[in-house]
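Structure, as structure tokens:
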Amino acid sequence: MTKTELKKERVILLGVCLQRTENFDMSMQELASLAETAGAQVVGNYSQKREKYDSKTFIGSGKLAELTEIIEADQVDTVIVNNRLSPRQNANLETILQVKVIDRMQLILDIFAMRARSHEGKLQVHLAQLKYMLPRLAGQGVMLSRQAGGIGSRGPGESQLELNRRSIRHQITDIERQLAIVEKNRQTIRDRRLESDAFKIGLIGYTNAGKSTIMNLLTDDRQYEANELFATLDATTKRIYLQDQFQVTLTDTVGFIQDLPTELVAAFKSTLEESRHVDLLLHVIDASDPNHSEHEKVVLDILKDLDMLKIPRLAIYNKMDKTEVLSATAFPNIRISAKDRESRRILRNLLIDQIRDLYQPFSLKVGQDKAYKLYDLNRVALLDPYSFDQEVEEISGYIASKNKWRLEDFYE
């Protein structure tokens, strides 16, 4: 065992499966991945079937006694619960178990705090953590007296966990004021982008589906990519040439996950806004994940909440090199492995076809005296191949309805 492994927090995962609970096993597997992403060593996975959650301690007294013995025997540091705990449940569990107890929401907030890179991203995570923390101040139990740090205590810092409600509310107000300024600047940039003639594409998908890899595939850039949850938090927009001078913008955003904390949905509204005003959504799906159908549903549910279902979508079943069987449920779709360089050509060609379907066809006769104007037209329209073998050439292609006025230049 290495020195790094010795320092890892030893955690037990705890879940309650109600009769109406769907995808419970998938959710527990995902909790394990989240814990490992946060730097923990998962030493146990325990669940209990119940008709309802215990209002005081979340789980039954028998399971609680069993869990207490296991914690002592296995030298467990933390219990991570696969649900949102009430402040009362959290405080009671910590008092009985005598170890740190965090829920799924706090774990996700912790990972976001670890991953945030930009000033705006850090502000958004800090805001979400403070809003999560505020109703839990009344507990004043183990959770609010942690001095050892570790998973669940990143971001604001241990000393801030001791602050009273007034101080935290003051911090929330101050961060919201800073974010309002950032959002105003972001809105200005977004307005300029909306006013531009460029076709706008947004990358969406479940966390770790491969969005950043697809981004790199299309742009030949070095966006951070890794086989881990929430590798990318901050929205990134880049320009790429799809054909000749025809430019599109490509925006990569934070990955979705089931039971995303409501505090994060609100805090990251401006980041998610980057994908609300695109012309085409690329829904990246990890085809090798046995739960990809459930992941697709989570993404579609979130899109519905964001009123984005009307935006045209193209499903990209990624990581096909890791699976032989795929039951596709999203259409239209393409099946690729982003690690295969041939996929770049296939995907770019398909994007061109998709844009043609969304644009309007046109044709016009262009004399050699106006051929120079084709350069600017190439930037906003997908032109079919042409060559000036004669004095007047018939040019055909596809253009957005909002840009059809540009064709008037050739009739003057």
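Order determines the names: the first chain of the structure tokens is A, the second B, and so forth; residues in each chain are numbered 1 upward, and ligands are numbered 1 upward as they are shown.
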Exercise. Tell me, as number ranges by chain, which residues lie within 8 Å of segment 39-46 of chain A, counting only C-alpha atoms; anything in the same chain fewer than 4 positions away does not count.
Key: A: 5, 8-15, 32, 35, 74, 76, 151
Create the file for the chosen residues now, containing N, CA, C and O atoms and written as a PDB file, in the first residue's frame.
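Writing done, so here's result.pdb:
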```pdb
ATOM      1  N   GLU A   5      -2.225   6.070  -0.692  1.00  0.00           N
ATOM      2  CA  GLU A   5      -3.387   5.263  -0.346  1.00  0.00           C
ATOM      3  C   GLU A   5      -3.643   5.280   1.152  1.00  0.00           C
ATOM      4  O   GLU A   5      -4.782   5.241   1.600  1.00  0.00           O
ATOM      5  N   LYS A   8      -5.826   8.151   2.243  1.00  0.00           N
ATOM      6  CA  LYS A   8      -7.194   8.252   1.747  1.00  0.00           C
ATOM      7  C   LYS A   8      -8.199   8.060   2.879  1.00  0.00           C
ATOM      8  O   LYS A   8      -8.023   7.231   3.762  1.00  0.00           O
ATOM      9  N   GLU A   9      -9.266   8.843   2.795  1.00  0.00           N
ATOM     10  CA  GLU A   9     -10.342   8.736   3.770  1.00  0.00           C
ATOM     11  C   GLU A   9     -11.093   7.423   3.553  1.00  0.00           C
ATOM     12  O   GLU A   9     -11.498   7.104   2.445  1.00  0.00           O
ATOM     13  N   ARG A  10     -11.274   6.662   4.618  1.00  0.00           N
ATOM     14  CA  ARG A  10     -11.975   5.386   4.526  1.00  0.00           C
ATOM     15  C   ARG A  10     -13.470   5.646   4.722  1.00  0.00           C
ATOM     16  O   ARG A  10     -13.885   6.192   5.756  1.00  0.00           O
ATOM     17  N   VAL A  11     -14.263   5.275   3.721  1.00  0.00           N
ATOM     18  CA  VAL A  11     -15.687   5.609   3.777  1.00  0.00           C
ATOM     19  C   VAL A  11     -16.559   4.375   3.577  1.00  0.00           C
ATOM     20  O   VAL A  11     -16.158   3.395   2.945  1.00  0.00           O
ATOM     21  N   ILE A  12     -17.751   4.453   4.140  1.00  0.00           N
ATOM     22  CA  ILE A  12     -18.793   3.462   3.933  1.00  0.00           C
ATOM     23  C   ILE A  12     -19.948   4.158   3.219  1.00  0.00           C
ATOM     24  O   ILE A  12     -20.320   5.284   3.573  1.00  0.00           O
ATOM     25  N   LEU A  13     -20.501   3.484   2.222  1.00  0.00           N
ATOM     26  CA  LEU A  13     -21.642   4.016   1.496  1.00  0.00           C
ATOM     27  C   LEU A  13     -22.924   3.437   2.081  1.00  0.00           C
ATOM     28  O   LEU A  13     -22.987   2.246   2.388  1.00  0.00           O
ATOM     29  N   LEU A  14     -23.933   4.264   2.223  1.00  0.00           N
ATOM     30  CA  LEU A  14     -25.180   3.835   2.847  1.00  0.00           C
ATOM     31  C   LEU A  14     -26.371   4.299   2.008  1.00  0.00           C
ATOM     32  O   LEU A  14     -26.466   5.475   1.644  1.00  0.00           O
ATOM     33  N   GLY A  15     -27.257   3.377   1.689  1.00  0.00           N
ATOM     34  CA  GLY A  15     -28.440   3.724   0.911  1.00  0.00           C
ATOM     35  C   GLY A  15     -29.678   3.030   1.430  1.00  0.00           C
ATOM     36  O   GLY A  15     -29.595   1.952   2.044  1.00  0.00           O
ATOM     37  N   ALA A  32     -20.373   5.340  -5.455  1.00  0.00           N
ATOM     38  CA  ALA A  32     -19.006   4.835  -5.260  1.00  0.00           C
ATOM     39  C   ALA A  32     -18.025   5.588  -6.162  1.00  0.00           C
ATOM     40  O   ALA A  32     -16.927   5.960  -5.730  1.00  0.00           O
ATOM     41  N   ALA A  35     -17.467   9.029  -4.751  1.00  0.00           N
ATOM     42  CA  ALA A  35     -16.591   8.987  -3.580  1.00  0.00           C
ATOM     43  C   ALA A  35     -15.130   8.832  -3.990  1.00  0.00           C
ATOM     44  O   ALA A  35     -14.237   9.497  -3.449  1.00  0.00           O
ATOM     45  N   ASP A  74     -13.701  -1.499  11.149  1.00  0.00           N
ATOM     46  CA  ASP A  74     -12.991  -1.188   9.902  1.00  0.00           C
ATOM     47  C   ASP A  74     -12.307   0.176   9.916  1.00  0.00           C
ATOM     48  O   ASP A  74     -11.775   0.614   8.899  1.00  0.00           O
ATOM     49  N   VAL A  76     -13.467   3.242  10.033  1.00  0.00           N
ATOM     50  CA  VAL A  76     -14.096   4.102   9.017  1.00  0.00           C
ATOM     51  C   VAL A  76     -14.052   5.554   9.476  1.00  0.00           C
ATOM     52  O   VAL A  76     -14.288   5.864  10.651  1.00  0.00           O
ATOM     53  N   ILE A 151     -13.097  14.964   2.874  1.00  0.00           N
ATOM     54  CA  ILE A 151     -14.208  15.018   1.939  1.00  0.00           C
ATOM     55  C   ILE A 151     -15.414  15.684   2.590  1.00  0.00           C
ATOM     56  O   ILE A 151     -15.789  15.368   3.707  1.00  0.00           O
TER      57      ILE A 151
END
```
Quiz item: Residues at most 7 Å from segment 288-303 of chain A, counting only C-alpha atoms, excluding those fewer than 6 positions away in the same chain, as number ranges by chain?
Solution: A: 205-206, 256-258, 309, 319-320, 322-323
Could you write out that same residue set with N, CA and C atoms as a tab-separated table (two decimals), in the first residue's frame?
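Resulting contents of result_5.tsv:
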```
chain	number	residue	atom	x	y	z
A	205	GLY	N	-24.52	16.25	-22.02
A	205	GLY	CA	-24.45	14.81	-21.76
A	205	GLY	C	-24.22	14.53	-20.30
A	206	TYR	N	-24.37	13.27	-19.96
A	206	TYR	CA	-24.13	12.83	-18.60
A	206	TYR	C	-22.65	12.98	-18.28
A	256	PHE	N	-24.18	16.46	-16.72
A	256	PHE	CA	-25.36	16.28	-15.89
A	256	PHE	C	-25.22	15.02	-15.05
A	257	ILE	N	-26.02	14.93	-14.00
A	257	ILE	CA	-26.04	13.74	-13.15
A	257	ILE	C	-27.40	13.68	-12.48
A	258	GLN	N	-27.86	12.46	-12.16
A	258	GLN	CA	-29.15	12.36	-11.49
A	258	GLN	C	-29.05	12.95	-10.09
A	309	LEU	N	-35.91	21.34	-24.84
A	309	LEU	CA	-36.24	20.17	-25.66
A	309	LEU	C	-36.54	20.53	-27.11
A	319	LYS	N	-17.54	6.01	-27.31
A	319	LYS	CA	-16.86	4.85	-26.69
A	319	LYS	C	-17.35	3.52	-27.25
A	320	MET	N	-17.65	3.52	-28.56
A	320	MET	CA	-18.10	2.28	-29.19
A	320	MET	C	-16.99	1.23	-29.25
A	322	LYS	N	-15.50	0.21	-26.78
A	322	LYS	CA	-15.57	-0.54	-25.54
A	322	LYS	C	-16.82	-1.40	-25.42
A	323	THR	N	-17.61	-1.44	-26.47
A	323	THR	CA	-18.84	-2.24	-26.41
A	323	THR	C	-19.13	-2.85	-27.77
```
Quiz prompt | Selection: 12 Å around Lys310 of chain A, only C-alpha atoms, excl. self and same-chain fewer than 5 positions, as a ChimeraX atom specification | solution = /A:276-281,300,303-305
Quiz prompt | Å distance separating atom CA of Glu394 of chain A from atom CA of Leu350 of chain A, one decimal place | solution =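 Calculated distance between atom CA of Glu394 of chain A and atom CA of Leu350 of chain A is 25.3 Å.
The shortest atom-to-atom distance to Leu130 of chain A, with only C-alpha atoms taken into account, belongs to A:Glu263 out of A:Glu263, A:Leu85, A:Ser33, A:Gln245.
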